[in-house]
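S.K.: Submitted below is the structure of interest, expressed as structure tokens.
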Amino acid sequence: MANFEAESWYYVGLDDQQKGPVSFAELKAVYSQLDETCLLWHQNMDGWKELGSLPDLKAALKPKPKPARRAPPKKGPPRGPPKIKKKPEAKVNTLQVAPQEHKKSRSISDTIEFKRIAEEVPNEGWRRLVAADGTVYYHNTISEETTYDVPEIFQTDDDKVRDGEWIWVPDAQEGFLKAKINSRNPNGGFTIETEDGDVRNIGPKKAKKCEKLDWYSLRRPEQDLVLLDVMNEPLILWNLQERFKNNEIYTNVGTILIAVNPFKRLPLYTPSIIDKYAKRGNKILPPHVFMTASDAYRNLLEQKTEKTAQSIVISGESGAGKTVCTKFCLKYLAEVADSEGGVEEKILLANPIMEAFGNAKTTRNNNSSRFGKYVEIFFDKRFRICGSKITNYLLEKSRVVTLGPGERNYHIFYQLLRGADAGLKRKLMLSDLDDYHYTNQSDTHVDGMDDVEEWQTLIKSFDTLEFSSKERDDVLQITAGVLHMGNVVFKSTGDRKCAVKVKSQLDPVAKLFKIDPKKLEGVITSRMVRIRGQDPIKAGLSVEEANAARDALAKFIYEHMFDWLVQRINKSIGTGKYMKGKTVGILDIFGFEIFKTNSFEQLCINFTNEKLQQFFNQHTFKLEEALYKAEKIKYTKVAYIDNQPVLDLIEKKPKGILPMIDEELRLPRGSDDTYVEKLLKTHSSNKSYFEKVLKRPKNFVIRHYAGDVEYESHGFLEKNKDRLYEDAFELLSKSTFKFLAQMFPSSDAKGSKTTLGAKFRRQLNNLMHTLNATYPHYIRCIKPNSEKAPMMFNVNMSLEQLRYSGVFEAVKIRKQGFPFRYTHENFLKRFKCIDQKRNWGPAKKACHALLQEMKARSAQVGERRVLYRADDHRKMELIRNVAVEKRAIFVERYCRRYMAKKQLKAMLAMRPRLQALLKSRDMAKLEAILQECGHIQYPMREINQIKHRIFCLKEEKRLEKTLRDLVNKDPERHFTALCRAVALADEIGMEGEIAEQCREMCWRIKEKKRVEAEMRQGMEELDEDKLRQALQEAQQAGADPYKIQQAEQRLEKIVREKRAIEEIGAYQRQHLEEAPMQNIIDRAEQINYVTDDIKHLRHLLYDLSPEKFAQEQLKAAVKSKDQDRCIRITIRIKDMFFKEQGEMFTFRGFPRFRTPVEWANLKFTLFQSTREELQRTMFCWTKNPIHASMIELPGKYGKDATKMFRNLMGFMGDRQYNFPEILLQELVNEGINKPPLRDEIFGHIIKQVTSNPSAQSEFKGWAALNVCLEAFPPNPEFENYFEVWIRNNVKD
């Protein structure tokens, strides 16, 4: 039997509809609907064949008692069938093998696919079903088994390949690979095969890092990672990556939001989406930053949480999208909460100022926030925004003076230099970007950012936030001064002494800061050393130290200005009359950092994240444990990593890392080296959280929650000192520029000795105190690639960030507990459908009964909720899906019947009334009856007729006015409007005098235009018949007289032209003159006129070859006895002949010539060289007489030939004779009288003019040839050879 199963089939059923491609199994399913005349085809058949003519196929299609199990064939691309000749081809309907996902759960037991399975495997009872969320599951109607796993009869080839033990294998490039274990090794390792067929050996160490892979877990990505069946790193990463591919950048981990930066604009933040989340009610919506903001605001409104104040903690590395998330949270709150006096607009417009002075381009982010901030939003009694406060943390002031490759300074410098007008730049003594050391260290361009446009937005923000023009100018004056400060260059003047190289460089700084330039030079080239009990001593600075002093001054001035800006923004926005505790705080903070080189800044950042992680862990565990205790259920206390030891290691006095730095600064000879020695000595025993680096003794390692970080101690003390020398501080505080002096009050000179570490710890403790008073919400931002490329997901990079952000810990905490929870009432509502007839009783009791019925093992019934884990969740959802499927079919059937009966009753009641009004013209009655039929959903014929009637009546009224207007207008000028109106009148069947009049007008214009068009077409095509027909109708149709006259003239011209063509064609048929023939044919084609003569001329000119045509012309010339034309045509024929066949008639190829060897042998000589010379010169000039004729001649003609050669030589001057003309005359007479000598004579002449060294001799040879040709012709057999030579050698 043929392999029918391997083919894709097409068939034409009894309904004459073509269907396909279908598999053989699907063809079997519809076999009962086919008869023997039905047509079938597959790609290996010659054409369509009737089923009756294929007995083998027919036998294979008949159902068998116990057919073998087969997997559904994989669908490939459809192949088009050949055209059907016997039956009309209809639209192809492709049978769907897999059920589509639907919004509502539905059975597919009545689909073609299920019928196929049922027939192939009788009594198996398996059904494939689709749940409301799109999940596919399987139910057995016989055994009542329900499963997510694909039963064998539904398995495809891919499903079968996935049999066996599969694992996730760590990979350096891809993060994790899916692999199948082929064999296990005794040492604990195993041999694997990846999806790509790559076979690898995995060692025992790496084998421990592999995770089990359950293919069912990959059925679809989850919106909430807590709902994953298995909690492991590879599955979480796969889930995030799959959602990311579909532009789903947000994913939940319980209440935590993961936001993956797409690096492109997505339509996710429109007002309609804000409205959707604001009014979601109890609807479950996809994860979104608006959802987090909405939860915070709703908790504030409804006071659901123990702590009324709310906070949103946003963290992530640079470029992960923290600032964007902060903006959208603010945007949501501003849009939803509204405000009084436009406070929310001020809050949003603070961003351009903060970003201009606090954001910069880094290698990781084009708009990176280089500071942390906590934005606190205040609400009044009506829960409207009434104010805001911003707290900033740890501005990266080193960026003001030092830039990395590919990075920029703060945006404000570039906006000022590019956006400010000429007047402002002149006032601030500014020029171009390249002129300033602080801005020309790297590229100044940022993709997607226009500094001029940003400058305008900044100025608008200053105005909106009510900055005075003086305040704004003061800020810009400080900014310009900082820029000029970077251009001050030093020169060495001795040992540890230096001076400003160009004094004029100090002038713009001194003028803008309003300080003495000499004192300014003093504080940046020297410092005052104060020793207790002695007068201050002035110590000089080296060039390097002076550069550091200059940069320190610039950094501190910029930092103080930034702090002032934050305070001024807070003052402008204000806090309003807010209610205590009614706040939402948004923390945008730097994420955990591990670089190749980690210094003091990274220690502070990672310390912050340790604090936040502890806060997160405590909050999460407290919530979980509080819930379990409130529900009074049995639970195992969830263990989590407590990072308090790490925090103590960093901050606890007196031996903490940060306090020890402060202590080292107090010592006279304290240094980074002495500090790290003490640090290693103090904490070397704490190996759980601290470790020294043997290869780099000046470094140390701290074991953070996110991983081990190696810190380089170099620069720790200097960075922690973070203060200006007193003389520099005093200089700024005494500036006559009040704005600058107020930022450096003299009272703070001693306070400025507070270390950066101490200041940062104080700020951080205040932040934690604030956060502890709030109910937190978390957003973890992930940067998916370092190239900032849109929709690129680097698995390893994302994995690293997920570990640093504590996401895996969050998932682990939820999974160890009970992540699924319903109130008793909601649990009963959801699952009571498993037995609808049963009275389940009170809710709590019913929950126990339901769990027992569904055999849930680990689920517990608490005081108010039912709590359970993923295994029970899967099992109970399967049972519920089957129950819902059964009930849905039952309910749907009865609902449809009830609705149909109700509709039928209503239609029968309305039909007589509708029919009575079908011909009515009373609009009021028609509209009233139609309104009464509003409850009828079925499209009744009478309702449609009534609707059409109303439409027609309305159109009649409108059209009547239009038609009356058109009747009085020029119908030709308003032809389009007239046609449109008449067409509408015809469509609605409008009658009446005005309608008929317009129809008549429209018809007449159309007739006139048709006739004129036909006349125009006839003239263009020069068609006599068409023109005559159009002219006959023109008068009656009222065509334009001028156009009629033109058509008549054209017709007369066509008639004359035809007569001329007939006459000339007949003449040329006799004479065949090529140019006139072509001309008359072209003229005939122009008017589409064909006669027998024209046909004959076309045949001769286009169908015959040039040679044949020339022969026909020669015949015509002979016939007309035109001798001159005969000669011309003959020459042309010869020209064509020799052009094609000339190579056959070379002079030396004349067959009557002796061969050179034969000719040379006729000479009696003893020397071979003489013979060779004769052979060489047989056909070219020679100075000696010839010894024999070149052609074999009869009798004495041979001697005559040699004698005539001497005559020729004498005439040409090759030999000396008297009276050479007489010699030529004798030669000519011999040729005339003795015809056999003619070819020989011509050969002699050709021989002597060939390669002749004497031009005079050659000229006489050509003269002799000319005389001979006039006297006698060559013999016919030699003629062609002679003529070819003449054609090839005649020069003029």
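Lettering and numbering for the structure tokens are positional, with chains as A, B, ... in the shown order, residues counted from 1 in each chain, and ligands counted from 1 in the shown order.
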Which residues come within 12 Å of A:His1244, counting only C-alpha atoms, excluding same-chain residues fewer than 3 positions away, as a ChimeraX atom specification?
M.R.: /A:1153,1177-1182,1185-1186,1188-1191,1201-1209,1212,1227,1237-1241,1247-1250,1261-1262,1264-1265,1268
S.K.: Just to be explicit: take each residue in the selection above, keep N, CA, C and O atoms, and write the result as a short mmCIF file (atom, residue, chain, number, x, y, z; two decimals), in the first residue's frame.
M.R.:
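This is the output file selection_38.cif:
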data_model
loop_
_atom_site.label_atom_id
_atom_site.label_comp_id
_atom_site.auth_asym_id
_atom_site.auth_seq_id
_atom_site.Cartn_x
_atom_site.Cartn_y
_atom_site.Cartn_z
N PHE A 1153 45.30 26.33 -59.56
CA PHE A 1153 46.69 26.68 -59.29
C PHE A 1153 47.48 25.44 -58.90
O PHE A 1153 46.97 24.57 -58.19
N THR A 1177 57.94 32.37 -53.02
CA THR A 1177 57.59 33.53 -53.85
C THR A 1177 56.62 33.19 -54.96
O THR A 1177 56.43 34.00 -55.88
N MET A 1178 55.97 32.03 -54.92
CA MET A 1178 55.06 31.66 -56.00
C MET A 1178 53.92 32.66 -56.15
O MET A 1178 53.53 33.01 -57.25
N PHE A 1179 53.39 33.19 -55.03
CA PHE A 1179 52.24 34.10 -55.09
C PHE A 1179 52.61 35.52 -54.71
O PHE A 1179 51.73 36.30 -54.38
N CYS A 1180 53.86 35.89 -54.73
CA CYS A 1180 54.25 37.26 -54.45
C CYS A 1180 55.36 37.71 -55.40
O CYS A 1180 55.93 36.92 -56.15
N TRP A 1181 55.64 38.97 -55.37
CA TRP A 1181 56.56 39.61 -56.34
C TRP A 1181 57.91 38.91 -56.37
O TRP A 1181 58.43 38.48 -55.35
N THR A 1182 58.43 38.79 -57.56
CA THR A 1182 59.77 38.23 -57.75
C THR A 1182 60.48 39.02 -58.84
O THR A 1182 59.86 39.54 -59.77
N PRO A 1185 62.17 35.92 -63.89
CA PRO A 1185 61.06 35.34 -64.67
C PRO A 1185 60.65 34.00 -64.08
O PRO A 1185 61.44 33.31 -63.42
N ILE A 1186 59.41 33.60 -64.34
CA ILE A 1186 58.96 32.30 -63.82
C ILE A 1186 59.40 31.21 -64.77
O ILE A 1186 59.57 31.44 -65.98
N ALA A 1188 57.69 28.24 -65.07
CA ALA A 1188 56.53 27.47 -65.55
C ALA A 1188 55.28 28.24 -65.22
O ALA A 1188 55.26 29.14 -64.37
N SER A 1189 54.17 27.90 -65.91
CA SER A 1189 52.89 28.57 -65.65
C SER A 1189 52.38 28.20 -64.27
O SER A 1189 52.67 27.13 -63.74
N MET A 1190 51.63 29.14 -63.65
CA MET A 1190 51.07 28.90 -62.31
C MET A 1190 49.89 27.95 -62.39
O MET A 1190 49.56 27.24 -61.44
N ILE A 1191 49.20 27.96 -63.57
CA ILE A 1191 48.05 27.08 -63.79
C ILE A 1191 48.48 26.03 -64.79
O ILE A 1191 49.25 26.29 -65.72
N ALA A 1201 52.65 31.42 -71.49
CA ALA A 1201 52.48 32.00 -70.15
C ALA A 1201 53.79 32.57 -69.63
O ALA A 1201 53.83 33.70 -69.09
N THR A 1202 54.90 31.84 -69.77
CA THR A 1202 56.18 32.35 -69.27
C THR A 1202 56.62 33.56 -70.06
O THR A 1202 57.23 34.50 -69.52
N LYS A 1203 56.29 33.54 -71.40
CA LYS A 1203 56.66 34.68 -72.24
C LYS A 1203 55.85 35.91 -71.82
O LYS A 1203 56.40 37.01 -71.72
N MET A 1204 54.54 35.76 -71.55
CA MET A 1204 53.71 36.89 -71.15
C MET A 1204 54.17 37.45 -69.80
O MET A 1204 54.04 38.65 -69.52
N PHE A 1205 54.72 36.61 -68.91
CA PHE A 1205 55.22 37.08 -67.61
C PHE A 1205 56.38 38.03 -67.82
O PHE A 1205 56.50 39.04 -67.12
N ARG A 1206 57.26 37.68 -68.85
CA ARG A 1206 58.37 38.59 -69.13
C ARG A 1206 57.85 39.92 -69.65
O ARG A 1206 58.39 40.99 -69.33
N ASN A 1207 56.80 39.86 -70.52
CA ASN A 1207 56.20 41.10 -71.00
C ASN A 1207 55.71 41.97 -69.83
O ASN A 1207 55.89 43.18 -69.80
N LEU A 1208 55.07 41.32 -68.86
CA LEU A 1208 54.55 42.03 -67.69
C LEU A 1208 55.68 42.66 -66.90
O LEU A 1208 55.61 43.83 -66.47
N MET A 1209 56.77 41.90 -66.70
CA MET A 1209 57.90 42.43 -65.95
C MET A 1209 58.51 43.63 -66.69
O MET A 1209 58.90 44.62 -66.04
N MET A 1212 56.18 46.65 -66.18
CA MET A 1212 56.21 47.17 -64.81
C MET A 1212 57.58 47.74 -64.44
O MET A 1212 57.71 48.40 -63.40
N LEU A 1227 50.53 41.68 -74.47
CA LEU A 1227 49.95 40.89 -73.38
C LEU A 1227 48.42 40.90 -73.47
O LEU A 1227 47.77 39.86 -73.34
N LEU A 1237 44.58 31.59 -71.51
CA LEU A 1237 45.67 32.31 -70.85
C LEU A 1237 45.16 33.41 -69.91
O LEU A 1237 45.93 33.99 -69.14
N ARG A 1238 43.89 33.73 -69.96
CA ARG A 1238 43.38 34.90 -69.21
C ARG A 1238 43.60 34.76 -67.69
O ARG A 1238 44.10 35.68 -67.04
N ASP A 1239 43.21 33.65 -67.13
CA ASP A 1239 43.35 33.49 -65.67
C ASP A 1239 44.82 33.52 -65.28
O ASP A 1239 45.19 34.05 -64.22
N GLU A 1240 45.69 32.93 -66.18
CA GLU A 1240 47.13 32.94 -65.89
C GLU A 1240 47.65 34.37 -65.87
O GLU A 1240 48.45 34.76 -65.02
N ILE A 1241 47.19 35.19 -66.86
CA ILE A 1241 47.65 36.59 -66.94
C ILE A 1241 47.23 37.35 -65.68
O ILE A 1241 48.03 38.07 -65.08
N LYS A 1247 50.34 38.37 -58.60
CA LYS A 1247 51.60 37.94 -58.00
C LYS A 1247 52.57 39.12 -57.92
O LYS A 1247 53.22 39.32 -56.89
N GLN A 1248 52.66 39.91 -58.97
CA GLN A 1248 53.68 40.95 -59.02
C GLN A 1248 53.31 42.21 -58.23
O GLN A 1248 54.19 42.99 -57.91
N VAL A 1249 52.03 42.42 -57.98
CA VAL A 1249 51.69 43.58 -57.14
C VAL A 1249 51.68 43.23 -55.65
O VAL A 1249 51.59 44.11 -54.79
N THR A 1250 51.74 41.94 -55.35
CA THR A 1250 51.74 41.48 -53.94
C THR A 1250 53.15 41.60 -53.39
O THR A 1250 54.10 41.03 -53.95
N GLY A 1261 51.65 47.82 -62.22
CA GLY A 1261 50.95 46.52 -62.16
C GLY A 1261 49.45 46.71 -62.08
O GLY A 1261 48.68 46.03 -62.76
N TRP A 1262 49.02 47.69 -61.22
CA TRP A 1262 47.59 47.97 -61.10
C TRP A 1262 47.05 48.55 -62.42
O TRP A 1262 45.92 48.26 -62.81
N ALA A 1264 48.19 47.79 -65.43
CA ALA A 1264 48.08 46.65 -66.34
C ALA A 1264 46.82 45.87 -66.03
O ALA A 1264 46.11 45.40 -66.94
N LEU A 1265 46.49 45.71 -64.74
CA LEU A 1265 45.29 44.97 -64.33
C LEU A 1265 44.04 45.69 -64.82
O LEU A 1265 43.10 45.07 -65.32
N CYS A 1268 43.71 45.18 -68.67
CA CYS A 1268 43.28 43.80 -68.98
C CYS A 1268 41.80 43.60 -68.69
O CYS A 1268 41.08 42.94 -69.44
#
S.K.: Could you give me, as a ChimeraX atom specification, each residue of stretch 1071-1280 of chain A that DSSP assigns to helix (DSSP H, G or I) when run on this structure's backbone?
M.R.: /A:1071,1074-1086,1092-1103,1106-1119,1123-1145,1147-1149,1156-1161,1168-1176,1197-1212,1220-1233,1235-1249,1255-1271,1276-1280
S.K.: Write out as number ranges by chain which residues come within 9 Å of stretch 1270-1278 of chain A when counting only C-alpha atoms, dropping same-chain ones fewer than 4 positions away.
M.R.: A: 1150, 1152, 1228-1229, 1231-1232, 1235-1236, 1238-1239, 1242, 1265-1266, 1282-1283
S.K.: Of the candidates A:Leu1097, A:Val523, A:Ile1044, A:Ala1116, which one gets nearest to A:Gln1070 if we count only C-alpha atoms?
M.R.: A:Ala1116
S.K.: Neighbours of A:Leu851 within 10 Å (only C-alpha atoms; same-chain residues fewer than 2 positions away dropped), as JSON, numbers by chain?
M.R.: {"A": [831, 846, 847, 848, 849, 853, 854, 855, 856, 857, 858, 859, 860, 861, 866, 872, 876]}
S.K.: With a distance cut-off of 7 Å and only C-alpha atoms, select the neighbouring residues of stretch 645-653 of chain A, excluding the residue or stretch itself and same-chain residues fewer than 2 positions from it, and output the selection as a PDB file with N, CA, C and O atoms, in the first residue's frame.
M.R.:
ATOM      1  N   GLU A 610      22.528  47.174  51.224  1.00  0.00           N
ATOM      2  CA  GLU A 610      22.415  46.216  52.330  1.00  0.00           C
ATOM      3  C   GLU A 610      21.308  46.648  53.292  1.00  0.00           C
ATOM      4  O   GLU A 610      20.503  45.833  53.738  1.00  0.00           O
ATOM      5  N   ASN A 643      21.199  39.900  57.033  1.00  0.00           N
ATOM      6  CA  ASN A 643      22.452  40.575  56.698  1.00  0.00           C
ATOM      7  C   ASN A 643      22.889  41.579  57.773  1.00  0.00           C
ATOM      8  O   ASN A 643      23.712  42.456  57.502  1.00  0.00           O
ATOM      9  N   LYS A 655      34.601  49.374  65.687  1.00  0.00           N
ATOM     10  CA  LYS A 655      35.436  48.593  64.782  1.00  0.00           C
ATOM     11  C   LYS A 655      34.835  48.417  63.389  1.00  0.00           C
ATOM     12  O   LYS A 655      35.341  47.629  62.577  1.00  0.00           O
ATOM     13  N   GLY A 656      33.769  49.109  63.096  1.00  0.00           N
ATOM     14  CA  GLY A 656      33.201  49.024  61.763  1.00  0.00           C
ATOM     15  C   GLY A 656      34.107  49.662  60.711  1.00  0.00           C
ATOM     16  O   GLY A 656      34.960  50.510  61.037  1.00  0.00           O
ATOM     17  N   ILE A 657      33.927  49.265  59.477  1.00  0.00           N
ATOM     18  CA  ILE A 657      34.817  49.757  58.410  1.00  0.00           C
ATOM     19  C   ILE A 657      34.741  51.265  58.283  1.00  0.00           C
ATOM     20  O   ILE A 657      35.773  51.943  58.183  1.00  0.00           O
ATOM     21  N   LEU A 658      33.542  51.844  58.278  1.00  0.00           N
ATOM     22  CA  LEU A 658      33.402  53.300  58.148  1.00  0.00           C
ATOM     23  C   LEU A 658      33.885  54.043  59.394  1.00  0.00           C
ATOM     24  O   LEU A 658      34.621  55.038  59.270  1.00  0.00           O
ATOM     25  N   PRO A 659      33.538  53.623  60.625  1.00  0.00           N
ATOM     26  CA  PRO A 659      34.091  54.317  61.808  1.00  0.00           C
ATOM     27  C   PRO A 659      35.610  54.250  61.878  1.00  0.00           C
ATOM     28  O   PRO A 659      36.254  55.209  62.324  1.00  0.00           O
ATOM     29  N   TYR A 689      32.126  36.992  56.599  1.00  0.00           N
ATOM     30  CA  TYR A 689      31.718  38.206  55.886  1.00  0.00           C
ATOM     31  C   TYR A 689      32.886  39.070  55.435  1.00  0.00           C
ATOM     32  O   TYR A 689      32.679  40.074  54.750  1.00  0.00           O
ATOM     33  N   HIS A 704      28.763  40.493  50.595  1.00  0.00           N
ATOM     34  CA  HIS A 704      27.426  41.115  50.615  1.00  0.00           C
ATOM     35  C   HIS A 704      26.366  40.074  50.277  1.00  0.00           C
ATOM     36  O   HIS A 704      26.672  38.979  49.783  1.00  0.00           O
TER      37      HIS A 704
END
S.K.: Show which residues sit within 10 Å of A:Gly188, as a PyMOL selection string. Count only C-alpha atoms, and ignore same-chain residues fewer than 3 positions away.
M.R.: chain A and resi 184-185+202-208
S.K.: Would you list the contacts of A:Val226 as a ChimeraX atom specification, taking every protein, DNA or RNA residue within 7 Å and counting only C-alpha atoms, but skipping same-chain residues closer than 2 positions in sequence?
M.R.: /A:224,228,253-254,811,814-815,819
S.K.: Write the residues you've just listed into a file as a CSV table (one decimal), in the first residue's frame, and include C-alpha atoms for each of them.
M.R.:
chain,number,residue,atom,x,y,z
A,224,ASP,CA,3.8,36.7,38.6
A,228,LEU,CA,5.8,29.3,38.7
A,253,VAL,CA,7.1,38.7,42.1
A,254,GLY,CA,4.1,38.9,44.4
A,811,VAL,CA,10.6,34.4,45.1
A,814,ARG,CA,7.0,33.4,48.9
A,815,LYS,CA,7.4,29.9,47.6
A,819,PRO,CA,1.7,31.9,47.8
S.K.: May I have all residues of stretch 771-922 of chain A that DSSP, computed from the backbone, assigns to strand (DSSP E or B), given as a ChimeraX atom specification?
M.R.: /A:775-782,820-823,860-861,865-868
S.K.: Store the residues of this selection in a file with N, CA and C atoms, as a PDB file, in the first residue's frame.
M.R.:
ATOM      1  N   TYR A 775       4.514  51.964  54.458  1.00  0.00           N
ATOM      2  CA  TYR A 775       4.280  50.631  53.894  1.00  0.00           C
ATOM      3  C   TYR A 775       4.928  50.617  52.509  1.00  0.00           C
ATOM      4  N   PRO A 776       5.970  49.792  52.306  1.00  0.00           N
ATOM      5  CA  PRO A 776       6.752  49.909  51.067  1.00  0.00           C
ATOM      6  C   PRO A 776       6.193  49.081  49.903  1.00  0.00           C
ATOM      7  N   HIS A 777       6.459  49.572  48.703  1.00  0.00           N
ATOM      8  CA  HIS A 777       6.229  48.851  47.449  1.00  0.00           C
ATOM      9  C   HIS A 777       7.556  48.869  46.700  1.00  0.00           C
ATOM     10  N   TYR A 778       7.828  47.804  45.961  1.00  0.00           N
ATOM     11  CA  TYR A 778       9.169  47.682  45.383  1.00  0.00           C
ATOM     12  C   TYR A 778       9.117  47.588  43.858  1.00  0.00           C
ATOM     13  N   ILE A 779      10.048  48.309  43.232  1.00  0.00           N
ATOM     14  CA  ILE A 779      10.269  48.169  41.784  1.00  0.00           C
ATOM     15  C   ILE A 779      11.752  47.890  41.584  1.00  0.00           C
ATOM     16  N   ARG A 780      12.063  46.736  40.990  1.00  0.00           N
ATOM     17  CA  ARG A 780      13.450  46.367  40.691  1.00  0.00           C
ATOM     18  C   ARG A 780      13.674  46.559  39.195  1.00  0.00           C
ATOM     19  N   CYS A 781      14.522  47.512  38.827  1.00  0.00           N
ATOM     20  CA  CYS A 781      14.784  47.804  37.412  1.00  0.00           C
ATOM     21  C   CYS A 781      15.969  46.982  36.918  1.00  0.00           C
ATOM     22  N   ILE A 782      15.810  46.412  35.738  1.00  0.00           N
ATOM     23  CA  ILE A 782      16.839  45.545  35.148  1.00  0.00           C
ATOM     24  C   ILE A 782      17.301  46.141  33.826  1.00  0.00           C
ATOM     25  N   PHE A 820      -0.565  31.033  47.349  1.00  0.00           N
ATOM     26  CA  PHE A 820      -1.942  31.128  46.847  1.00  0.00           C
ATOM     27  C   PHE A 820      -2.892  31.261  48.031  1.00  0.00           C
ATOM     28  N   ARG A 821      -3.753  32.265  47.953  1.00  0.00           N
ATOM     29  CA  ARG A 821      -4.633  32.517  49.104  1.00  0.00           C
ATOM     30  C   ARG A 821      -5.940  33.141  48.636  1.00  0.00           C
ATOM     31  N   TYR A 822      -7.050  32.598  49.132  1.00  0.00           N
ATOM     32  CA  TYR A 822      -8.395  33.120  48.855  1.00  0.00           C
ATOM     33  C   TYR A 822      -9.150  33.243  50.174  1.00  0.00           C
ATOM     34  N   THR A 823     -10.038  34.203  50.266  1.00  0.00           N
ATOM     35  CA  THR A 823     -10.944  34.233  51.415  1.00  0.00           C
ATOM     36  C   THR A 823     -11.879  33.031  51.302  1.00  0.00           C
ATOM     37  N   GLN A 860      -4.305  24.662  53.676  1.00  0.00           N
ATOM     38  CA  GLN A 860      -4.814  24.854  55.028  1.00  0.00           C
ATOM     39  C   GLN A 860      -5.927  25.896  55.012  1.00  0.00           C
ATOM     40  N   VAL A 861      -6.896  25.668  55.895  1.00  0.00           N
ATOM     41  CA  VAL A 861      -8.013  26.609  56.041  1.00  0.00           C
ATOM     42  C   VAL A 861      -7.758  27.445  57.282  1.00  0.00           C
ATOM     43  N   ARG A 865      -9.002  32.855  55.451  1.00  0.00           N
ATOM     44  CA  ARG A 865      -8.535  32.491  54.115  1.00  0.00           C
ATOM     45  C   ARG A 865      -8.204  31.011  54.016  1.00  0.00           C
ATOM     46  N   VAL A 866      -8.160  30.564  52.758  1.00  0.00           N
ATOM     47  CA  VAL A 866      -7.608  29.241  52.427  1.00  0.00           C
ATOM     48  C   VAL A 866      -6.254  29.494  51.781  1.00  0.00           C
ATOM     49  N   LEU A 867      -5.212  28.843  52.293  1.00  0.00           N
ATOM     50  CA  LEU A 867      -3.862  29.061  51.785  1.00  0.00           C
ATOM     51  C   LEU A 867      -3.301  27.752  51.255  1.00  0.00           C
ATOM     52  N   TYR A 868      -2.631  27.812  50.109  1.00  0.00           N
ATOM     53  CA  TYR A 868      -2.083  26.582  49.527  1.00  0.00           C
ATOM     54  C   TYR A 868      -0.914  26.915  48.603  1.00  0.00           C
TER      55      TYR A 868
END
S.K.: To one decimal place in Å, what is the distance between atom CA of A:Gly989 and atom CA of A:Lys925?
M.R.: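 The value is 20.9 Å.
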S.K.: Quick one: of A:Thr141, A:Leu1174, A:Gln1035, A:Val676, who's nearest to A:Arg128, counting only C-alpha atoms?
M.R.: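 Among the listed residues, the smallest separation from A:Arg128 belongs to A:Thr141.
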